[in-house]
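Contents: one structure, followed by commentary.
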Amino acid sequence: MTRFERVIRIRLLARRERLVESIASSALRLRSAWANKSEAAGDWRGLELTTEELRNVDRALLRLVQRAYGICERCGRALGTQRLLAEPEAALCNDCDPAASSAARGPPPVS
């Protein structure tokens, strides 16, 4: 494992830990809301998003182990250091990920 991959692994593991803590906290809030019969729709959506982030982090950690980290899952090109530093769990290059492409371009100009 390269030095860069070790740094990314540490960042991913730290992020994973924060996400797991957030999920546990959300689950407790939802359990309490359910017991009190209060509305918790926003909490459910937040929990879904956090769980999806955790899946993405876990997939990135798996790609590191499989020596496939930093390679676009769609086209096979390298993602690039800047992309990986900005979003360590990225699985697609800027060309294959419309969200990344628009974020890289920045906001539209103001007329």
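So you can find residues: chains in the structure tokens are A, B, ... in the order shown, residues in each start at 1, and ligands are numbered from 1 in order.
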
Non-local contacts of Leu84 of chain A (10 Å; only C-alpha atoms; under 4 positions in same chain excluded) as a PyMOL selection string: chain A and resi 4+8+69-70+78-80+88-91+93

Just N, CA and C atoms for this one: save the residues we selected as an mmCIF file, in the first residue's frame.
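Writing done, so here's result18.cif:
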```cif
data_model
loop_
_atom_site.group_PDB
_atom_site.id
_atom_site.type_symbol
_atom_site.label_atom_id
_atom_site.label_comp_id
_atom_site.auth_asym_id
_atom_site.auth_seq_id
_atom_site.Cartn_x
_atom_site.Cartn_y
_atom_site.Cartn_z
ATOM 1 N N PHE A 4 0.107 7.380 -0.068
ATOM 2 C CA PHE A 4 -1.157 8.047 -0.380
ATOM 3 C C PHE A 4 -2.340 7.156 0.021
ATOM 4 N N ILE A 8 -5.336 7.927 2.719
ATOM 5 C CA ILE A 8 -6.744 7.813 2.345
ATOM 6 C C ILE A 8 -7.452 6.804 3.247
ATOM 7 N N TYR A 69 -8.498 0.806 -5.953
ATOM 8 C CA TYR A 69 -8.837 2.157 -5.502
ATOM 9 C C TYR A 69 -8.266 3.193 -6.465
ATOM 10 N N GLY A 70 -9.062 4.216 -6.737
ATOM 11 C CA GLY A 70 -8.602 5.303 -7.590
ATOM 12 C C GLY A 70 -8.834 5.068 -9.066
ATOM 13 N N ALA A 78 -7.966 6.555 -14.300
ATOM 14 C CA ALA A 78 -7.592 7.008 -12.957
ATOM 15 C C ALA A 78 -8.463 8.191 -12.548
ATOM 16 N N LEU A 79 -8.869 8.219 -11.273
ATOM 17 C CA LEU A 79 -9.713 9.298 -10.771
ATOM 18 C C LEU A 79 -8.928 10.586 -10.559
ATOM 19 N N GLY A 80 -7.681 10.487 -10.210
ATOM 20 C CA GLY A 80 -6.854 11.664 -9.975
ATOM 21 C C GLY A 80 -6.755 11.990 -8.486
ATOM 22 N N PRO A 88 -12.721 11.009 -0.911
ATOM 23 C CA PRO A 88 -12.003 9.734 -0.859
ATOM 24 C C PRO A 88 -12.841 8.514 -1.224
ATOM 25 N N GLU A 89 -14.155 8.606 -1.086
ATOM 26 C CA GLU A 89 -15.002 7.458 -1.403
ATOM 27 C C GLU A 89 -15.459 7.443 -2.862
ATOM 28 N N ALA A 90 -14.983 8.383 -3.656
ATOM 29 C CA ALA A 90 -15.385 8.468 -5.067
ATOM 30 C C ALA A 90 -15.083 7.159 -5.797
ATOM 31 N N ALA A 91 -16.039 6.747 -6.632
ATOM 32 C CA ALA A 91 -15.878 5.525 -7.414
ATOM 33 C C ALA A 91 -15.860 5.817 -8.908
ATOM 34 N N CYS A 93 -14.910 8.758 -12.133
ATOM 35 C CA CYS A 93 -14.143 9.946 -12.499
ATOM 36 C C CYS A 93 -15.095 11.110 -12.763
#
```

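Using only C-alpha atoms, the smallest distance between any of A:Glu5, A:Glu52, A:Asp95, A:Asp58 and Gly76 of chain A comes from A:Asp95.
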
Neighbour list for Arg59 of chain A as a list in words, cut-off 12 Å, only C-alpha atoms, skip fewer than 2 positions in-chain: Arg9, Leu12, Leu13, Arg16, Glu52, Glu53, Leu54, Arg55, Asn56, Val57, Leu61, Leu62, Arg63, Leu64, Val65, Gln66, Ala68, Tyr69, Gly70, Glu73, Pro88, Glu89, Ala90 and Ala91 of chain A

Using only N, CA and C atoms, please write the residues we just selected to a file, as a PDB file, in the first residue's frame.
```
ATOM      1  N   ARG A   9      -6.795   5.686   3.518  1.00  0.00           N
ATOM      2  CA  ARG A   9      -7.388   4.662   4.385  1.00  0.00           C
ATOM      3  C   ARG A   9      -7.687   5.227   5.769  1.00  0.00           C
ATOM      4  N   LEU A  12     -10.677   7.504   5.455  1.00  0.00           N
ATOM      5  CA  LEU A  12     -11.905   6.734   5.270  1.00  0.00           C
ATOM      6  C   LEU A  12     -12.341   6.054   6.573  1.00  0.00           C
ATOM      7  N   LEU A  13     -11.389   5.501   7.308  1.00  0.00           N
ATOM      8  CA  LEU A  13     -11.735   4.846   8.574  1.00  0.00           C
ATOM      9  C   LEU A  13     -12.273   5.852   9.595  1.00  0.00           C
ATOM     10  N   ARG A  16     -15.711   6.696   8.506  1.00  0.00           N
ATOM     11  CA  ARG A  16     -16.580   5.556   8.798  1.00  0.00           C
ATOM     12  C   ARG A  16     -16.999   5.568  10.266  1.00  0.00           C
ATOM     13  N   GLU A  52     -26.209   5.404   3.325  1.00  0.00           N
ATOM     14  CA  GLU A  52     -25.661   5.341   1.972  1.00  0.00           C
ATOM     15  C   GLU A  52     -24.205   5.828   1.955  1.00  0.00           C
ATOM     16  N   GLU A  53     -23.914   6.894   2.700  1.00  0.00           N
ATOM     17  CA  GLU A  53     -22.526   7.370   2.796  1.00  0.00           C
ATOM     18  C   GLU A  53     -21.632   6.285   3.370  1.00  0.00           C
ATOM     19  N   LEU A  54     -22.127   5.599   4.408  1.00  0.00           N
ATOM     20  CA  LEU A  54     -21.348   4.518   5.018  1.00  0.00           C
ATOM     21  C   LEU A  54     -21.077   3.413   4.004  1.00  0.00           C
ATOM     22  N   ARG A  55     -22.076   3.064   3.207  1.00  0.00           N
ATOM     23  CA  ARG A  55     -21.866   2.050   2.152  1.00  0.00           C
ATOM     24  C   ARG A  55     -20.777   2.496   1.182  1.00  0.00           C
ATOM     25  N   ASN A  56     -20.800   3.763   0.800  1.00  0.00           N
ATOM     26  CA  ASN A  56     -19.789   4.281  -0.137  1.00  0.00           C
ATOM     27  C   ASN A  56     -18.398   4.221   0.474  1.00  0.00           C
ATOM     28  N   VAL A  57     -18.272   4.557   1.737  1.00  0.00           N
ATOM     29  CA  VAL A  57     -16.980   4.480   2.421  1.00  0.00           C
ATOM     30  C   VAL A  57     -16.513   3.028   2.493  1.00  0.00           C
ATOM     31  N   LEU A  61     -13.096   1.384   0.927  1.00  0.00           N
ATOM     32  CA  LEU A  61     -12.135   0.586   1.697  1.00  0.00           C
ATOM     33  C   LEU A  61     -11.912  -0.776   1.040  1.00  0.00           C
ATOM     34  N   LEU A  62     -12.968  -1.365   0.521  1.00  0.00           N
ATOM     35  CA  LEU A  62     -12.835  -2.642  -0.182  1.00  0.00           C
ATOM     36  C   LEU A  62     -11.986  -2.485  -1.442  1.00  0.00           C
ATOM     37  N   ARG A  63     -12.215  -1.387  -2.184  1.00  0.00           N
ATOM     38  CA  ARG A  63     -11.402  -1.144  -3.390  1.00  0.00           C
ATOM     39  C   ARG A  63      -9.920  -1.001  -3.030  1.00  0.00           C
ATOM     40  N   LEU A  64      -9.631  -0.392  -1.877  1.00  0.00           N
ATOM     41  CA  LEU A  64      -8.233  -0.284  -1.432  1.00  0.00           C
ATOM     42  C   LEU A  64      -7.632  -1.672  -1.245  1.00  0.00           C
ATOM     43  N   VAL A  65      -8.351  -2.547  -0.568  1.00  0.00           N
ATOM     44  CA  VAL A  65      -7.871  -3.903  -0.313  1.00  0.00           C
ATOM     45  C   VAL A  65      -7.702  -4.671  -1.625  1.00  0.00           C
ATOM     46  N   GLN A  66      -8.625  -4.449  -2.557  1.00  0.00           N
ATOM     47  CA  GLN A  66      -8.589  -5.162  -3.837  1.00  0.00           C
ATOM     48  C   GLN A  66      -7.619  -4.538  -4.838  1.00  0.00           C
ATOM     49  N   ALA A  68      -7.920  -1.767  -6.340  1.00  0.00           N
ATOM     50  CA  ALA A  68      -8.675  -1.132  -7.423  1.00  0.00           C
ATOM     51  C   ALA A  68      -9.038   0.304  -7.062  1.00  0.00           C
ATOM     52  N   TYR A  69      -8.498   0.806  -5.953  1.00  0.00           N
ATOM     53  CA  TYR A  69      -8.837   2.157  -5.502  1.00  0.00           C
ATOM     54  C   TYR A  69      -8.266   3.193  -6.465  1.00  0.00           C
ATOM     55  N   GLY A  70      -9.062   4.216  -6.737  1.00  0.00           N
ATOM     56  CA  GLY A  70      -8.602   5.303  -7.590  1.00  0.00           C
ATOM     57  C   GLY A  70      -8.834   5.068  -9.066  1.00  0.00           C
ATOM     58  N   GLU A  73     -14.924   3.091 -11.808  1.00  0.00           N
ATOM     59  CA  GLU A  73     -15.641   1.832 -11.971  1.00  0.00           C
ATOM     60  C   GLU A  73     -16.361   1.729 -13.309  1.00  0.00           C
ATOM     61  N   PRO A  88     -12.721  11.009  -0.911  1.00  0.00           N
ATOM     62  CA  PRO A  88     -12.003   9.734  -0.859  1.00  0.00           C
ATOM     63  C   PRO A  88     -12.841   8.514  -1.224  1.00  0.00           C
ATOM     64  N   GLU A  89     -14.155   8.606  -1.086  1.00  0.00           N
ATOM     65  CA  GLU A  89     -15.002   7.458  -1.403  1.00  0.00           C
ATOM     66  C   GLU A  89     -15.459   7.443  -2.862  1.00  0.00           C
ATOM     67  N   ALA A  90     -14.983   8.383  -3.656  1.00  0.00           N
ATOM     68  CA  ALA A  90     -15.385   8.468  -5.067  1.00  0.00           C
ATOM     69  C   ALA A  90     -15.083   7.159  -5.797  1.00  0.00           C
ATOM     70  N   ALA A  91     -16.039   6.747  -6.632  1.00  0.00           N
ATOM     71  CA  ALA A  91     -15.878   5.525  -7.414  1.00  0.00           C
ATOM     72  C   ALA A  91     -15.860   5.817  -8.908  1.00  0.00           C
TER      73      ALA A  91
END
```

Please run DSSP on the backbone and report, as an MDAnalysis selection string, all residues within chain A that come out as alpha helix (DSSP H). chainID A and resid 3:35 41:65 81:86 98:105

Give the answer as one residue: which of A:Leu85, A:Leu19, A:Ala99, A:Leu92 has the shortest atom-to-atom distance to Leu49 of chain A, using only C-alpha atoms?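 Closest candidate: A:Leu19.
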
Between atom CA of Cys96 of chain A and atom CA of Arg45 of chain A - distance in Å to one decimal: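 Calculated distance between atom CA of Arg45 of chain A and atom CA of Cys96 of chain A is 26.4 Å.
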